[in-house]
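Some notes on the structure that comes next.
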Amino acid sequence: MERAVRIATWNVNSVRQRTEHLLRYLKEVEPDVLCLQEIKCLDEAFPRLEVESAGYNVATHGQKTFNGVAILSKRPIEATRGLPGDEHDEQSRYIEAIVPHGKTIIRVASIYLPNGNPPLTEKYSYKLAWMDRLISRARELLKLEECFVLAGDYNVIPEARDARDIAAWTGDALYLPATRAKFRELLNLGLTEALRATTDEAGLYTFWDYQAGAWQKNNGIRIDHLLLSPQAADRLQSVAIDKHMRALEKPSDHVPIRIDLA
DNA sequence: ATGACTTGCGCGGCAAGA
């Protein structure tokens with residue numbers, strides 16, 4: 001029997017600012033696959049040598065200044081960049097990789113779904129359109145009947161229990177009814193949200209704002225998610241939020257969340 | 001309390017984030 005596969009996702013908020021934290025995380029947690037978001041640099045500026053020295057293969061889909069996603073993997077991977085459905089979209093928010101596992105494969109996507117604020121602007125319509133494209137991609141992948149994981153920063157607070165102070169988010173693009181309806185539409189295709197498959201607990205967060213002492217007050221939200229195909233959900237063993245990463249010096253405002261699959 | 005912080009870019013303060 002193969003050892004469990006550990007798949008993690010983390011919005012690093014600039015990989016160059018967070019390289020030491022990243023290397024520490026790889027050593028501590030030893031994920032087989034780590035999806036990164038907001039690397040905020042071009043491919044050539046990614047700290048590739050440091051990450052490769054830690055024993056990982058690297059596939060990036062970078063962008064100058066903003067956005068940018070990556071997939072790190074112990075095993076060699078085959079990556080494709082960009083979310084299908086809009087050839088004019090210039091924002092680097094999606095990368096997908098095929099990861100070998102024994103005689104089979106696991107497909108993993110690193111997702112940085114648009115924030116969408118302020119609502120009633122083209123930023124919000126871009127968010128909803130991007131979610132429609134993600135739904136289309138998920139529909140295509142489901143036809144393959146494979147084990148796959150869509151992991152990343154969804155910028156969606158699924159339910160009231162996923163925020164310490166939900167009243168503060170009622171008019172926000174992360175929690176508007178239309179946003180949550182699109183997220184449910186994705187789940188309703190037959191995907192399983194990993195954390196909610198294991199617990200109903202409130203107060204589990206993956207993001208705490210830098211401002212107003214949000215971390216000290218535990219004023220957080222849960223917006224980083226791993227969505228599993230039926231074949232992946234069958235293999236789900238455990239979910240963990242690596243909350244300790246928020247307590248380090250110069251942290252990202254997000255923490256990693258990870259799963260183990262049999 | 002019209003606040004509060006961190007990033008990139010690039011060298012002065014603005015845009016973006018959530």
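Going by the structure tokens order, chains are called A, B, ..., each with residues numbered from 1, while ligands are numbered from 1 in the order shown.
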
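Excluding region 194-207 of chain A itself and same-chain residues fewer than 6 positions from it, the residues having an atom within 7 Å of it are A:Arg161, A:Asp162, A:Ala163, A:Arg164, A:Gly220, A:Ile221, A:Arg222, A:Ile223, A:Asp224, A:Leu226, A:Leu227, A:Leu228, A:Val239, A:Asp253, A:His254, A:Val255, counting only C-alpha atoms (C1' of nucleotides).
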
Go ahead and save the picked residues with C-alpha atoms, as a PDB file, in the first residue's frame.
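Okay, part_26.pdb is ready:
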ATOM      1  CA  ARG A 161     -19.883  30.014  10.501  1.00  0.00           C
ATOM      2  CA  ASP A 162     -16.797  30.617   8.347  1.00  0.00           C
ATOM      3  CA  ALA A 163     -16.256  34.159   9.714  1.00  0.00           C
ATOM      4  CA  ARG A 164     -15.715  35.463  13.219  1.00  0.00           C
ATOM      5  CA  GLY A 220     -10.591  35.546  10.690  1.00  0.00           C
ATOM      6  CA  ILE A 221     -12.382  34.089   7.690  1.00  0.00           C
ATOM      7  CA  ARG A 222     -12.204  30.751   5.875  1.00  0.00           C
ATOM      8  CA  ILE A 223     -11.588  31.368   2.172  1.00  0.00           C
ATOM      9  CA  ASP A 224      -8.919  28.813   1.191  1.00  0.00           C
ATOM     10  CA  LEU A 226      -9.677  22.123  -1.360  1.00  0.00           C
ATOM     11  CA  LEU A 227     -12.424  20.715  -3.586  1.00  0.00           C
ATOM     12  CA  LEU A 228     -12.280  17.009  -4.335  1.00  0.00           C
ATOM     13  CA  VAL A 239      -7.650  17.843   6.800  1.00  0.00           C
ATOM     14  CA  ASP A 253      -2.111  36.954   5.865  1.00  0.00           C
ATOM     15  CA  HIS A 254      -3.223  33.453   4.762  1.00  0.00           C
ATOM     16  CA  VAL A 255      -2.154  30.126   6.292  1.00  0.00           C
TER      17      VAL A 255
END

| field | Neighbours of chain B in chain A at 6 Å, counting only C-alpha atoms (C1' of nucleotides), as a count of residues only | value | 4

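Pairwise distance (CA of Leu141 (chain A), CA of Phe66 (chain A)) equals 27.6 Å.
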
| message | Please list as a PyMOL selection string every residue within 8 Å of Val108 (chain A), counting only C-alpha atoms (C1' of nucleotides) and excluding residues in the same chain fewer than 3 positions away. | response | chain A and resi 96-99+148-151

Go ahead and write the residues just picked, N, CA and C atoms, as an mmCIF file, in the first residue's frame.
data_model
loop_
_atom_site.group_PDB
_atom_site.id
_atom_site.type_symbol
_atom_site.label_atom_id
_atom_site.label_comp_id
_atom_site.auth_asym_id
_atom_site.auth_seq_id
_atom_site.Cartn_x
_atom_site.Cartn_y
_atom_site.Cartn_z
ATOM 1 N N GLU A 96 -2.535 23.918 -13.594
ATOM 2 C CA GLU A 96 -3.008 22.556 -13.342
ATOM 3 C C GLU A 96 -1.863 21.608 -13.629
ATOM 4 N N ALA A 97 -1.749 20.557 -12.832
ATOM 5 C CA ALA A 97 -0.646 19.614 -13.041
ATOM 6 C C ALA A 97 -1.117 18.180 -12.875
ATOM 7 N N ILE A 98 -0.484 17.310 -13.620
ATOM 8 C CA ILE A 98 -0.696 15.876 -13.462
ATOM 9 C C ILE A 98 0.471 15.336 -12.640
ATOM 10 N N VAL A 99 0.120 14.758 -11.496
ATOM 11 C CA VAL A 99 1.129 14.262 -10.549
ATOM 12 C C VAL A 99 1.076 12.735 -10.555
ATOM 13 N N PHE A 148 -9.030 14.098 -8.650
ATOM 14 C CA PHE A 148 -8.454 15.443 -8.790
ATOM 15 C C PHE A 148 -8.833 16.353 -7.630
ATOM 16 N N VAL A 149 -7.999 17.374 -7.450
ATOM 17 C CA VAL A 149 -8.139 18.317 -6.335
ATOM 18 C C VAL A 149 -7.999 19.734 -6.887
ATOM 19 N N LEU A 150 -9.013 20.563 -6.623
ATOM 20 C CA LEU A 150 -8.951 21.981 -6.997
ATOM 21 C C LEU A 150 -8.671 22.761 -5.718
ATOM 22 N N ALA A 151 -7.436 23.228 -5.573
ATOM 23 C CA ALA A 151 -6.991 23.786 -4.298
ATOM 24 C C ALA A 151 -6.573 25.231 -4.461
#

| Neighbours of Leu120 (chain A) within 12 Å (only C-alpha atoms (C1' of nucleotides); same-chain residues fewer than 5 positions away dropped), as a ChimeraX atom specification? | /A:125-128,171-173,176,178

Take the residues from that selection and write them out as a compact mmCIF listing (two decimals), in the first residue's frame, keeping N, CA and C atoms.
# COMPACT_ATOMS: atom_id res chain seq x y z
N SER A 125 -17.90 41.48 -11.76
CA SER A 125 -18.38 40.66 -12.89
C SER A 125 -17.26 39.74 -13.40
N TYR A 126 -16.01 40.21 -13.30
CA TYR A 126 -14.87 39.34 -13.66
C TYR A 126 -14.82 38.14 -12.72
N LYS A 127 -15.05 38.38 -11.44
CA LYS A 127 -15.05 37.27 -10.47
C LYS A 127 -16.10 36.23 -10.83
N LEU A 128 -17.33 36.68 -11.07
CA LEU A 128 -18.41 35.74 -11.38
C LEU A 128 -18.14 35.01 -12.70
N GLY A 171 -21.97 42.77 2.71
CA GLY A 171 -21.99 43.40 1.39
C GLY A 171 -20.72 43.18 0.60
N ASP A 172 -19.87 42.29 1.08
CA ASP A 172 -18.55 42.10 0.48
C ASP A 172 -18.60 41.04 -0.62
N ALA A 173 -17.75 41.22 -1.63
CA ALA A 173 -17.69 40.28 -2.76
C ALA A 173 -17.37 38.85 -2.32
N LEU A 176 -21.22 37.83 -0.82
CA LEU A 176 -22.50 38.17 -1.44
C LEU A 176 -23.24 36.89 -1.85
N ALA A 178 -24.68 36.06 -4.55
CA ALA A 178 -24.32 35.57 -5.89
C ALA A 178 -22.98 34.82 -5.87

| request: Taking the DSSP assignment computed from this structure's backbone, write out as a ChimeraX atom specification all residues of region 5-148 of chain A that belong to strand (DSSP E). | output: /A:5-11,33-37,57-61,69-73,78-81,94-101,104-112,148

Restricting the output to N, CA and C atoms, write the selected residues as a short mmCIF file (atom, residue, chain, number, x, y, z; two decimals), in the first residue's frame.
data_model
loop_
_atom_site.label_atom_id
_atom_site.label_comp_id
_atom_site.auth_asym_id
_atom_site.auth_seq_id
_atom_site.Cartn_x
_atom_site.Cartn_y
_atom_site.Cartn_z
N VAL A 5 -0.93 10.55 0.33
CA VAL A 5 -0.47 11.70 -0.44
C VAL A 5 -0.92 12.97 0.27
N ARG A 6 0.01 13.85 0.55
CA ARG A 6 -0.32 15.09 1.25
C ARG A 6 -0.34 16.24 0.24
N ILE A 7 -1.48 16.92 0.15
CA ILE A 7 -1.65 18.04 -0.79
C ILE A 7 -2.03 19.28 0.00
N ALA A 8 -1.24 20.35 -0.16
CA ALA A 8 -1.46 21.58 0.60
C ALA A 8 -1.65 22.75 -0.35
N THR A 9 -2.30 23.80 0.17
CA THR A 9 -2.43 25.04 -0.60
C THR A 9 -2.18 26.23 0.32
N TRP A 10 -1.51 27.26 -0.25
CA TRP A 10 -1.14 28.41 0.57
C TRP A 10 -1.02 29.67 -0.30
N ASN A 11 -1.76 30.70 0.08
CA ASN A 11 -1.57 32.02 -0.52
C ASN A 11 -0.43 32.67 0.24
N VAL A 33 2.55 17.67 -2.60
CA VAL A 33 2.22 18.73 -3.56
C VAL A 33 1.84 19.98 -2.76
N LEU A 34 2.37 21.12 -3.16
CA LEU A 34 1.99 22.39 -2.53
C LEU A 34 1.58 23.37 -3.62
N CYS A 35 0.33 23.84 -3.53
CA CYS A 35 -0.18 24.85 -4.46
C CYS A 35 0.06 26.22 -3.83
N LEU A 36 0.62 27.14 -4.60
CA LEU A 36 0.86 28.49 -4.11
C LEU A 36 0.04 29.48 -4.92
N GLN A 37 -0.39 30.55 -4.22
CA GLN A 37 -1.07 31.65 -4.89
C GLN A 37 -0.43 32.97 -4.48
N ASN A 57 10.03 19.70 -7.39
CA ASN A 57 9.89 20.19 -8.77
C ASN A 57 8.97 21.40 -8.73
N VAL A 58 9.17 22.31 -9.68
CA VAL A 58 8.46 23.59 -9.64
C VAL A 58 7.81 23.88 -10.99
N ALA A 59 6.53 24.21 -10.97
CA ALA A 59 5.85 24.72 -12.17
C ALA A 59 5.20 26.04 -11.79
N THR A 60 5.51 27.10 -12.50
CA THR A 60 4.97 28.42 -12.17
C THR A 60 4.14 28.97 -13.31
N HIS A 61 3.20 29.83 -12.92
CA HIS A 61 2.47 30.64 -13.89
C HIS A 61 2.47 32.04 -13.29
N VAL A 69 0.53 32.00 -9.75
CA VAL A 69 0.29 30.74 -9.05
C VAL A 69 1.40 29.76 -9.38
N ALA A 70 1.54 28.74 -8.54
CA ALA A 70 2.59 27.74 -8.76
C ALA A 70 2.16 26.41 -8.15
N ILE A 71 2.79 25.34 -8.64
CA ILE A 71 2.61 24.02 -8.03
C ILE A 71 3.99 23.44 -7.79
N LEU A 72 4.24 23.05 -6.55
CA LEU A 72 5.49 22.40 -6.15
C LEU A 72 5.17 20.93 -5.90
N SER A 73 6.05 20.03 -6.33
CA SER A 73 5.76 18.61 -6.19
C SER A 73 7.04 17.81 -6.01
N GLU A 78 3.61 17.43 -14.91
CA GLU A 78 3.34 17.98 -16.23
C GLU A 78 2.27 19.04 -16.03
N ALA A 79 2.61 20.30 -16.32
CA ALA A 79 1.70 21.41 -15.97
C ALA A 79 1.11 22.08 -17.20
N THR A 80 -0.13 22.60 -17.02
CA THR A 80 -0.74 23.45 -18.04
C THR A 80 -1.19 24.73 -17.36
N ARG A 81 -1.01 25.86 -18.06
CA ARG A 81 -1.21 27.17 -17.45
C ARG A 81 -2.41 27.90 -18.01
N TYR A 94 -4.39 30.47 -12.55
CA TYR A 94 -4.73 29.04 -12.61
C TYR A 94 -3.59 28.25 -13.24
N ILE A 95 -3.19 27.19 -12.56
CA ILE A 95 -2.23 26.24 -13.13
C ILE A 95 -2.66 24.85 -12.69
N GLU A 96 -2.53 23.92 -13.59
CA GLU A 96 -3.01 22.56 -13.34
C GLU A 96 -1.86 21.61 -13.63
N ALA A 97 -1.75 20.56 -12.83
CA ALA A 97 -0.65 19.61 -13.04
C ALA A 97 -1.12 18.18 -12.87
N ILE A 98 -0.48 17.31 -13.62
CA ILE A 98 -0.70 15.88 -13.46
C ILE A 98 0.47 15.34 -12.64
N VAL A 99 0.12 14.76 -11.50
CA VAL A 99 1.13 14.26 -10.55
C VAL A 99 1.08 12.74 -10.56
N PRO A 100 2.17 12.07 -10.87
CA PRO A 100 2.16 10.61 -10.82
C PRO A 100 2.06 10.10 -9.39
N HIS A 101 1.32 9.03 -9.21
CA HIS A 101 1.20 8.41 -7.89
C HIS A 101 1.07 6.91 -8.08
N THR A 104 -0.98 5.23 -10.90
CA THR A 104 -2.06 6.15 -11.29
C THR A 104 -1.55 7.59 -11.29
N ILE A 105 -2.49 8.53 -11.44
CA ILE A 105 -2.15 9.95 -11.38
C ILE A 105 -3.16 10.67 -10.49
N ILE A 106 -2.73 11.82 -9.99
CA ILE A 106 -3.65 12.74 -9.32
C ILE A 106 -3.50 14.07 -10.04
N ARG A 107 -4.64 14.65 -10.42
CA ARG A 107 -4.59 15.96 -11.07
C ARG A 107 -4.81 17.02 -10.00
N VAL A 108 -3.99 18.04 -10.00
CA VAL A 108 -4.08 19.08 -8.98
C VAL A 108 -4.07 20.45 -9.66
N ALA A 109 -5.00 21.34 -9.25
CA ALA A 109 -5.01 22.71 -9.76
C ALA A 109 -4.75 23.67 -8.62
N SER A 110 -3.94 24.69 -8.89
CA SER A 110 -3.72 25.78 -7.95
C SER A 110 -4.50 26.99 -8.45
N ILE A 111 -5.43 27.46 -7.61
CA ILE A 111 -6.44 28.43 -8.01
C ILE A 111 -6.33 29.72 -7.19
N TYR A 112 -6.27 30.85 -7.89
CA TYR A 112 -6.39 32.14 -7.19
C TYR A 112 -7.59 32.88 -7.76
N PHE A 148 -9.03 14.10 -8.65
CA PHE A 148 -8.45 15.44 -8.79
C PHE A 148 -8.83 16.35 -7.63
#

| task | Extract the full set of helix (DSSP H, G or I) residues from region 111-262 of chain A according to DSSP on the backbone, and format it as an MDAnalysis selection string. | result | chainID A and resid 122:143 160:162 166:169 177:188 194:198 211:213 230:233 243:247

| What is the CA of Arg16 (chain A)-CA of Tyr56 (chain A) distance in Å, reported with one decimal? |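 So the two atoms, CA of Arg16 (chain A) and CA of Tyr56 (chain A), lie 16.8 Å apart.
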
| message | Quick check, in Å to one decimal: how far apart do CA of Lys27 (chain A) and CA of Ala214 (chain A) lie? | response |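 Distance between the two atoms: 28.0 Å.
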